[in-house]
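K.L.:
Below is one structure. I have some questions about it.
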Amino acid sequence: MTPFPRTQIPPPVLHLTYRLAALATLAVAFTASLTAQTAPAAPKLEFPAPSPAATVKQRVGITDIEINYARPGAKGRAVFGGLVPYGKVWRTGANTATKIKFSTAVNFGGTAIPAGTYELFSIPGEKEWTVIVHKDSSQWGAYAYDSKNDIARITAKTVSLATPIESLTIDLNDFRDESASLSIAWEKTRVSVKLTVDVVATLVPQIEAVMASDAAKKPYMNAAIFYLDNKLDLKKAAQWMDAAIAAQPDAFYLFYRKGLILAAAGDKAGARAAAEASLAAAQKAKGPIGEEYTGLNQKFLASLK
């Protein structure tokens with residue numbers, strides 16, 4: 001049977017051919033769509049970092065300090081004098097150069113450093129290191145290190161550790177009101193740099209401004225204690241403590257602190273009267289706080305004899 005030429009295919013046959021072709025196209029599209037919906041999405045791959053990132057955040061006085069670094073492990077290797085050569089600039093970590101950020105000006109090992117973000121490099125030595133605070137350039141490693149961008153270079157003696165430390169550790173410790181130590185420790189070596197902050201210079205102008213303002217609530221007690229602790233204007237401290245007592249006349253712990261201020265100012269009679277008032281109220285109070293201030297006032301009164 002001779003097939004019809006395309007121009008001679010009967011209309012019903014031609015119509016059926018178009019419908020079958022359309023159905024086939026729809027079937028392919030449906031199958032592709034179904035496959036796309038049912039196929040699992042590619043998982044997000046995260047491989048373990050050989051030198052995990054770490055962040056240290058610490059407040060010293062009223063200064064916030066943040067250190068960001070990567071922590072390589074010794075992994076059986078000789079670290080200083082081997083993996084980390086002596087006498088060469090080191091990023092003080094791995095990957096991107098270690099960063100240190102100060103929210104206020106600080107004194108780093110004797111060098112004044114303004115508030116800001118910096119890079120922390122070091123030059124390890126067998127007996128001492130040079131610890132470097134460097135202008136931040138967000139560099140990888142120490143390949144672009146340039147000594148002309150150094151902000152501070154501090155010499156620090158090495159300390160030998162009895163117990164080895166597997167992972168590089170940078171932290172802040174040995175806290176005082178206005179100081180701390182920045183320590184770098186790894187394997188059997190540690191170096192430390194003393195860091196100090198000037199809380200008085202930063203906080204006193206703020207206290208004076210608040211006390212001179214029309215603020216409804218003022219930190220009378222805290223301001224008075226700060227002035228006492230830092231041997232500042234004791235007359236102001238006494239006035240502020242009186243204001244705190246006026247707001248809380250039953251707070252016997254405030255009378256105790258008023259006594260401390262008066263004693264520091266040389267007014268023993270006034271200090272004794274404040275301590276006796278505090279002691280009488282503390283003895284009537286129930287619970288641990290009453291017992292605590294009973295003991296504190298008794299010791300204080302004994303010191304005034």
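We name chains A, B, ... following the order of the structure tokens; residues begin at 1 in each chain, and ligands are numbered from 1 as shown.
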Residues of region 11-248 of chain A in strand (DSSP E) according to DSSP, as a PyMOL selection string?

P.N.:
chain A and resi 53-60+63-70+99-102+106-108+111-113+116-123+128-135+150-157+159-176+179-196

K.L.:
Could those selected residues go to a file with C-alpha atoms, as a PDB file, in the first residue's frame?

P.N.:
```pdb
ATOM      1  CA  ALA A  53      38.843  29.170  63.852  1.00  0.00           C
ATOM      2  CA  ALA A  54      38.473  30.553  67.377  1.00  0.00           C
ATOM      3  CA  THR A  55      37.295  33.822  68.926  1.00  0.00           C
ATOM      4  CA  VAL A  56      38.265  35.137  72.356  1.00  0.00           C
ATOM      5  CA  LYS A  57      36.178  37.936  73.863  1.00  0.00           C
ATOM      6  CA  GLN A  58      37.051  39.491  77.177  1.00  0.00           C
ATOM      7  CA  ARG A  59      36.326  42.709  79.046  1.00  0.00           C
ATOM      8  CA  VAL A  60      39.181  44.298  81.002  1.00  0.00           C
ATOM      9  CA  THR A  63      37.537  47.819  77.524  1.00  0.00           C
ATOM     10  CA  ASP A  64      36.278  45.029  75.272  1.00  0.00           C
ATOM     11  CA  ILE A  65      39.022  42.940  73.684  1.00  0.00           C
ATOM     12  CA  GLU A  66      38.422  40.444  70.879  1.00  0.00           C
ATOM     13  CA  ILE A  67      40.954  38.065  69.323  1.00  0.00           C
ATOM     14  CA  ASN A  68      40.231  36.058  66.155  1.00  0.00           C
ATOM     15  CA  TYR A  69      42.685  33.353  65.160  1.00  0.00           C
ATOM     16  CA  ALA A  70      43.034  29.840  63.763  1.00  0.00           C
ATOM     17  CA  LYS A  99      43.474  39.849  64.587  1.00  0.00           C
ATOM     18  CA  ILE A 100      43.072  41.692  67.877  1.00  0.00           C
ATOM     19  CA  LYS A 101      40.530  44.434  68.530  1.00  0.00           C
ATOM     20  CA  PHE A 102      40.418  47.011  71.361  1.00  0.00           C
ATOM     21  CA  VAL A 106      45.235  50.354  75.733  1.00  0.00           C
ATOM     22  CA  ASN A 107      48.829  50.061  76.846  1.00  0.00           C
ATOM     23  CA  PHE A 108      50.329  46.924  75.329  1.00  0.00           C
ATOM     24  CA  THR A 111      53.321  50.953  74.215  1.00  0.00           C
ATOM     25  CA  ALA A 112      50.162  53.073  73.892  1.00  0.00           C
ATOM     26  CA  ILE A 113      47.794  51.732  71.232  1.00  0.00           C
ATOM     27  CA  GLY A 116      40.903  49.767  66.751  1.00  0.00           C
ATOM     28  CA  THR A 117      41.515  46.453  65.007  1.00  0.00           C
ATOM     29  CA  TYR A 118      45.059  45.202  64.410  1.00  0.00           C
ATOM     30  CA  GLU A 119      46.997  42.130  63.299  1.00  0.00           C
ATOM     31  CA  LEU A 120      49.009  40.160  65.842  1.00  0.00           C
ATOM     32  CA  PHE A 121      52.323  38.825  64.566  1.00  0.00           C
ATOM     33  CA  SER A 122      55.258  37.386  66.457  1.00  0.00           C
ATOM     34  CA  ILE A 123      58.879  36.385  65.948  1.00  0.00           C
ATOM     35  CA  GLU A 128      62.382  35.284  73.987  1.00  0.00           C
ATOM     36  CA  TRP A 129      59.860  36.401  71.400  1.00  0.00           C
ATOM     37  CA  THR A 130      59.025  39.655  69.728  1.00  0.00           C
ATOM     38  CA  VAL A 131      55.245  40.146  69.861  1.00  0.00           C
ATOM     39  CA  ILE A 132      54.039  42.600  67.212  1.00  0.00           C
ATOM     40  CA  VAL A 133      50.857  44.650  66.939  1.00  0.00           C
ATOM     41  CA  HIS A 134      50.576  45.541  63.266  1.00  0.00           C
ATOM     42  CA  LYS A 135      48.298  47.748  61.183  1.00  0.00           C
ATOM     43  CA  ASP A 150      54.138  47.926  63.109  1.00  0.00           C
ATOM     44  CA  ILE A 151      52.277  49.717  65.893  1.00  0.00           C
ATOM     45  CA  ALA A 152      54.172  48.011  68.735  1.00  0.00           C
ATOM     46  CA  ARG A 153      57.008  45.502  69.112  1.00  0.00           C
ATOM     47  CA  ILE A 154      57.276  43.922  72.567  1.00  0.00           C
ATOM     48  CA  THR A 155      59.960  41.552  73.840  1.00  0.00           C
ATOM     49  CA  ALA A 156      58.556  38.683  75.933  1.00  0.00           C
ATOM     50  CA  LYS A 157      60.501  35.962  77.733  1.00  0.00           C
ATOM     51  CA  VAL A 159      58.281  30.062  79.806  1.00  0.00           C
ATOM     52  CA  SER A 160      58.683  26.286  79.503  1.00  0.00           C
ATOM     53  CA  LEU A 161      55.548  24.247  80.188  1.00  0.00           C
ATOM     54  CA  ALA A 162      55.677  20.917  82.009  1.00  0.00           C
ATOM     55  CA  THR A 163      52.584  19.672  80.175  1.00  0.00           C
ATOM     56  CA  PRO A 164      52.502  20.194  76.392  1.00  0.00           C
ATOM     57  CA  ILE A 165      49.570  21.989  74.774  1.00  0.00           C
ATOM     58  CA  GLU A 166      48.351  20.295  71.598  1.00  0.00           C
ATOM     59  CA  SER A 167      46.532  23.264  70.013  1.00  0.00           C
ATOM     60  CA  LEU A 168      47.769  26.839  69.825  1.00  0.00           C
ATOM     61  CA  THR A 169      46.004  28.825  72.554  1.00  0.00           C
ATOM     62  CA  ILE A 170      45.760  32.611  72.803  1.00  0.00           C
ATOM     63  CA  ASP A 171      43.906  33.968  75.804  1.00  0.00           C
ATOM     64  CA  LEU A 172      43.629  36.732  78.403  1.00  0.00           C
ATOM     65  CA  ASN A 173      44.123  36.047  82.106  1.00  0.00           C
ATOM     66  CA  ASP A 174      45.646  37.415  85.357  1.00  0.00           C
ATOM     67  CA  PHE A 175      42.881  40.019  85.597  1.00  0.00           C
ATOM     68  CA  ARG A 176      42.973  43.145  87.712  1.00  0.00           C
ATOM     69  CA  SER A 179      45.084  45.044  83.572  1.00  0.00           C
ATOM     70  CA  ALA A 180      45.379  41.535  82.182  1.00  0.00           C
ATOM     71  CA  SER A 181      47.957  39.319  80.509  1.00  0.00           C
ATOM     72  CA  LEU A 182      47.742  38.254  76.885  1.00  0.00           C
ATOM     73  CA  SER A 183      49.236  34.753  76.628  1.00  0.00           C
ATOM     74  CA  ILE A 184      50.313  32.731  73.612  1.00  0.00           C
ATOM     75  CA  ALA A 185      50.907  29.057  74.403  1.00  0.00           C
ATOM     76  CA  TRP A 186      51.633  26.021  72.256  1.00  0.00           C
ATOM     77  CA  GLU A 187      53.508  22.775  72.660  1.00  0.00           C
ATOM     78  CA  LYS A 188      55.818  23.431  75.645  1.00  0.00           C
ATOM     79  CA  THR A 189      56.203  27.208  75.312  1.00  0.00           C
ATOM     80  CA  ARG A 190      54.253  30.206  76.600  1.00  0.00           C
ATOM     81  CA  VAL A 191      54.878  33.940  76.320  1.00  0.00           C
ATOM     82  CA  SER A 192      52.838  36.701  77.960  1.00  0.00           C
ATOM     83  CA  VAL A 193      52.459  40.439  77.463  1.00  0.00           C
ATOM     84  CA  LYS A 194      50.908  42.704  80.099  1.00  0.00           C
ATOM     85  CA  LEU A 195      48.039  44.818  78.860  1.00  0.00           C
ATOM     86  CA  THR A 196      46.688  47.773  80.848  1.00  0.00           C
TER      87      THR A 196
END
```

K.L.:
Tell me which of A:Arg71, A:Leu83, A:Asp146, A:Gly287 sits closest to Thr98 (chain A), counting only C-alpha atoms.

P.N.:
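The shortest atom-to-atom distance to Thr98 (chain A) comes from A:Arg71.
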
K.L.:
Between CA of Ala281 (chain A) and CA of Thr294 (chain A), measure the distance and give it in Å to one decimal.

P.N.:
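It comes out at 8.7 Å.
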
K.L.:
Could you name the residues that touch Met211 (chain A) at 10 Å or less, counting only C-alpha atoms, but leaving out those on the same chain fewer than 5 positions away, as a ChimeraX atom specification?

P.N.:
/A:205-206,217-220,223,240

K.L.:
Residues of the last selection are to be written out with N, CA and C atoms, as a short mmCIF file (atom, residue, chain, number, x, y, z; two decimals), in the first residue's frame.

P.N.:
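Writing done, so here's result_10.cif:
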```
data_model
loop_
_atom_site.label_atom_id
_atom_site.label_comp_id
_atom_site.auth_asym_id
_atom_site.auth_seq_id
_atom_site.Cartn_x
_atom_site.Cartn_y
_atom_site.Cartn_z
N PRO A 205 35.22 61.26 83.32
CA PRO A 205 34.43 62.26 82.58
C PRO A 205 32.98 61.82 82.35
N GLN A 206 32.78 60.52 82.15
CA GLN A 206 31.42 60.02 81.97
C GLN A 206 30.61 60.14 83.26
N LYS A 217 17.46 59.00 87.26
CA LYS A 217 18.18 58.05 88.10
C LYS A 217 19.67 58.17 87.84
N LYS A 218 20.42 58.26 88.91
CA LYS A 218 21.87 58.39 88.79
C LYS A 218 22.55 57.29 89.60
N PRO A 219 23.71 56.81 89.14
CA PRO A 219 24.39 55.69 89.81
C PRO A 219 25.18 56.16 91.04
N TYR A 220 24.45 56.67 92.04
CA TYR A 220 25.13 57.26 93.19
C TYR A 220 26.05 56.27 93.90
N ALA A 223 29.09 55.15 91.67
CA ALA A 223 30.02 56.26 91.47
C ALA A 223 30.82 56.53 92.74
N TRP A 240 27.55 61.54 97.21
CA TRP A 240 26.81 60.59 96.37
C TRP A 240 26.29 59.42 97.20
#
```

K.L.:
When distances are computed from only C-alpha atoms, which of A:Ala216, A:Ser138, A:Arg272, A:Val210 shows the smallest separation from Ser303 (chain A)?

P.N.:
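Distance minimum relative to Ser303 (chain A) lands on A:Arg272.
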
K.L.:
For each of A:Gly73, A:Pro50, A:Gly61, A:Gly82, take the minimum atom-to-atom distance to Asp198 (chain A), counting only C-alpha atoms, then give the residue where this is smallest.

P.N.:
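Distance minimum relative to Asp198 (chain A) lands on A:Gly61.
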
K.L.:
Have a look at A:Pro249, A:Gly109, A:Gly266, A:Gly76 and name the one nearest to Leu234 (chain A); count only C-alpha atoms.

P.N.:
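With only C-alpha atoms as the atom set, the closest residue is A:Gly266.
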
K.L.:
DSSP on the backbone: what in region 14-230 of chain A comes out alpha helix (DSSP H), as a PyMOL selection string?

P.N.:
chain A and resi 14-38+199-211+220-229

K.L.:
Please produce a file of those selected residues containing N, CA and C atoms, as a short mmCIF file (atom, residue, chain, number, x, y, z; two decimals), in the first residue's frame.

P.N.:
```
data_model
loop_
_atom_site.label_atom_id
_atom_site.label_comp_id
_atom_site.auth_asym_id
_atom_site.auth_seq_id
_atom_site.Cartn_x
_atom_site.Cartn_y
_atom_site.Cartn_z
N LEU A 14 -4.07 13.08 10.06
CA LEU A 14 -3.13 14.15 10.39
C LEU A 14 -3.40 14.71 11.79
N HIS A 15 -4.66 14.87 12.13
CA HIS A 15 -5.04 15.39 13.45
C HIS A 15 -4.59 14.44 14.55
N LEU A 16 -4.78 13.14 14.31
CA LEU A 16 -4.36 12.14 15.30
C LEU A 16 -2.85 12.14 15.48
N THR A 17 -2.12 12.35 14.42
CA THR A 17 -0.65 12.38 14.50
C THR A 17 -0.18 13.55 15.36
N TYR A 18 -0.79 14.73 15.17
CA TYR A 18 -0.43 15.90 15.97
C TYR A 18 -0.74 15.70 17.45
N ARG A 19 -1.88 15.04 17.73
CA ARG A 19 -2.27 14.81 19.13
C ARG A 19 -1.29 13.87 19.81
N LEU A 20 -0.88 12.81 19.06
CA LEU A 20 0.08 11.86 19.65
C LEU A 20 1.43 12.53 19.93
N ALA A 21 1.86 13.39 19.02
CA ALA A 21 3.13 14.09 19.21
C ALA A 21 3.06 15.03 20.42
N ALA A 22 1.94 15.72 20.58
CA ALA A 22 1.76 16.62 21.71
C ALA A 22 1.76 15.87 23.02
N LEU A 23 1.06 14.69 23.03
CA LEU A 23 1.03 13.87 24.24
C LEU A 23 2.42 13.36 24.61
N ALA A 24 3.20 13.02 23.61
CA ALA A 24 4.56 12.53 23.86
C ALA A 24 5.42 13.63 24.48
N THR A 25 5.26 14.86 23.96
CA THR A 25 6.02 15.99 24.51
C THR A 25 5.65 16.26 25.96
N LEU A 26 4.33 16.21 26.25
CA LEU A 26 3.86 16.41 27.62
C LEU A 26 4.39 15.33 28.55
N ALA A 27 4.45 14.10 28.08
CA ALA A 27 4.93 12.98 28.90
C ALA A 27 6.40 13.18 29.26
N VAL A 28 7.18 13.63 28.27
CA VAL A 28 8.60 13.86 28.54
C VAL A 28 8.77 14.98 29.56
N ALA A 29 8.01 16.06 29.40
CA ALA A 29 8.10 17.19 30.33
C ALA A 29 7.68 16.78 31.73
N PHE A 30 6.60 15.97 31.84
CA PHE A 30 6.11 15.52 33.14
C PHE A 30 7.14 14.64 33.84
N THR A 31 7.74 13.74 33.03
CA THR A 31 8.76 12.84 33.60
C THR A 31 9.96 13.63 34.11
N ALA A 32 10.38 14.65 33.37
CA ALA A 32 11.51 15.48 33.78
C ALA A 32 11.18 16.25 35.05
N SER A 33 9.93 16.77 35.11
CA SER A 33 9.50 17.52 36.29
C SER A 33 9.44 16.62 37.51
N LEU A 34 8.90 15.42 37.32
CA LEU A 34 8.80 14.46 38.42
C LEU A 34 10.18 14.06 38.92
N THR A 35 11.10 13.87 37.98
CA THR A 35 12.47 13.50 38.36
C THR A 35 13.13 14.61 39.16
N ALA A 36 12.88 15.87 38.73
CA ALA A 36 13.48 17.00 39.43
C ALA A 36 12.95 17.14 40.84
N GLN A 37 11.64 16.80 41.03
CA GLN A 37 11.02 16.92 42.34
C GLN A 37 11.44 15.81 43.29
N THR A 38 11.68 14.64 42.75
CA THR A 38 11.98 13.49 43.60
C THR A 38 13.46 13.27 43.81
N VAL A 199 41.09 52.96 83.18
CA VAL A 199 39.67 53.05 83.48
C VAL A 199 39.31 54.44 84.02
N VAL A 200 40.16 54.97 84.89
CA VAL A 200 39.86 56.28 85.51
C VAL A 200 39.73 57.36 84.45
N ALA A 201 40.70 57.45 83.55
CA ALA A 201 40.68 58.50 82.53
C ALA A 201 39.46 58.37 81.62
N THR A 202 39.03 57.13 81.39
CA THR A 202 37.88 56.91 80.52
C THR A 202 36.56 57.16 81.24
N LEU A 203 36.47 56.70 82.50
CA LEU A 203 35.18 56.68 83.18
C LEU A 203 34.86 57.96 83.94
N VAL A 204 35.86 58.63 84.51
CA VAL A 204 35.57 59.82 85.32
C VAL A 204 34.81 60.89 84.54
N PRO A 205 35.22 61.26 83.32
CA PRO A 205 34.43 62.26 82.58
C PRO A 205 32.98 61.82 82.35
N GLN A 206 32.78 60.52 82.15
CA GLN A 206 31.42 60.02 81.97
C GLN A 206 30.61 60.14 83.26
N ILE A 207 31.24 59.78 84.40
CA ILE A 207 30.55 59.89 85.68
C ILE A 207 30.17 61.34 85.96
N GLU A 208 31.12 62.24 85.77
CA GLU A 208 30.86 63.65 86.04
C GLU A 208 29.74 64.18 85.16
N ALA A 209 29.72 63.75 83.90
CA ALA A 209 28.67 64.22 82.99
C ALA A 209 27.30 63.72 83.42
N VAL A 210 27.22 62.47 83.83
CA VAL A 210 25.94 61.91 84.27
C VAL A 210 25.47 62.60 85.54
N MET A 211 26.39 62.80 86.49
CA MET A 211 26.01 63.42 87.76
C MET A 211 25.58 64.88 87.58
N TYR A 220 24.45 56.67 92.04
CA TYR A 220 25.13 57.26 93.19
C TYR A 220 26.05 56.27 93.90
N MET A 221 25.55 55.09 94.21
CA MET A 221 26.35 54.12 94.95
C MET A 221 27.58 53.69 94.16
N ASN A 222 27.39 53.29 92.91
CA ASN A 222 28.52 52.83 92.10
C ASN A 222 29.56 53.92 91.89
N ALA A 223 29.09 55.15 91.67
CA ALA A 223 30.02 56.26 91.47
C ALA A 223 30.82 56.53 92.74
N ALA A 224 30.14 56.49 93.89
CA ALA A 224 30.82 56.74 95.16
C ALA A 224 31.87 55.66 95.43
N ILE A 225 31.53 54.41 95.19
CA ILE A 225 32.48 53.31 95.43
C ILE A 225 33.66 53.41 94.47
N PHE A 226 33.40 53.80 93.22
CA PHE A 226 34.49 53.95 92.24
C PHE A 226 35.46 55.03 92.69
N TYR A 227 34.94 56.13 93.17
CA TYR A 227 35.81 57.22 93.64
C TYR A 227 36.59 56.77 94.88
N LEU A 228 35.96 56.00 95.76
CA LEU A 228 36.66 55.48 96.93
C LEU A 228 37.78 54.54 96.51
N ASP A 229 37.46 53.58 95.65
CA ASP A 229 38.44 52.57 95.25
C ASP A 229 39.63 53.17 94.53
#
```

K.L.:
Using only C-alpha atoms, determine which residues lie at most 12 Å from Ala302 (chain A), disregarding the query and same-chain residues fewer than 6 positions distant; provide the list as a CSV table (one decimal) with N, CA and C atoms, in the first residue's frame.

P.N.:
```
chain,number,residue,atom,x,y,z
A,268,LYS,N,37.1,59.5,111.4
A,268,LYS,CA,36.9,58.3,112.2
A,268,LYS,C,35.6,58.3,112.9
A,271,ALA,N,32.8,57.7,110.5
A,271,ALA,CA,32.9,56.3,110.0
A,271,ALA,C,32.4,55.4,111.1
A,272,ARG,N,32.7,55.6,112.3
A,272,ARG,CA,32.2,54.8,113.4
A,272,ARG,C,30.7,54.8,113.5
A,275,ALA,N,29.1,52.9,110.7
A,275,ALA,CA,29.3,51.4,110.8
A,275,ALA,C,28.4,50.9,111.9
A,276,GLU,N,28.2,51.7,113.0
A,276,GLU,CA,27.3,51.2,114.1
A,276,GLU,C,25.9,51.1,113.6
A,295,GLY,N,29.4,40.7,110.2
A,295,GLY,CA,30.8,40.4,110.3
A,295,GLY,C,31.7,41.6,109.8
A,296,LEU,N,31.3,42.1,108.6
A,296,LEU,CA,32.0,43.2,108.0
A,296,LEU,C,32.1,44.4,108.9
```
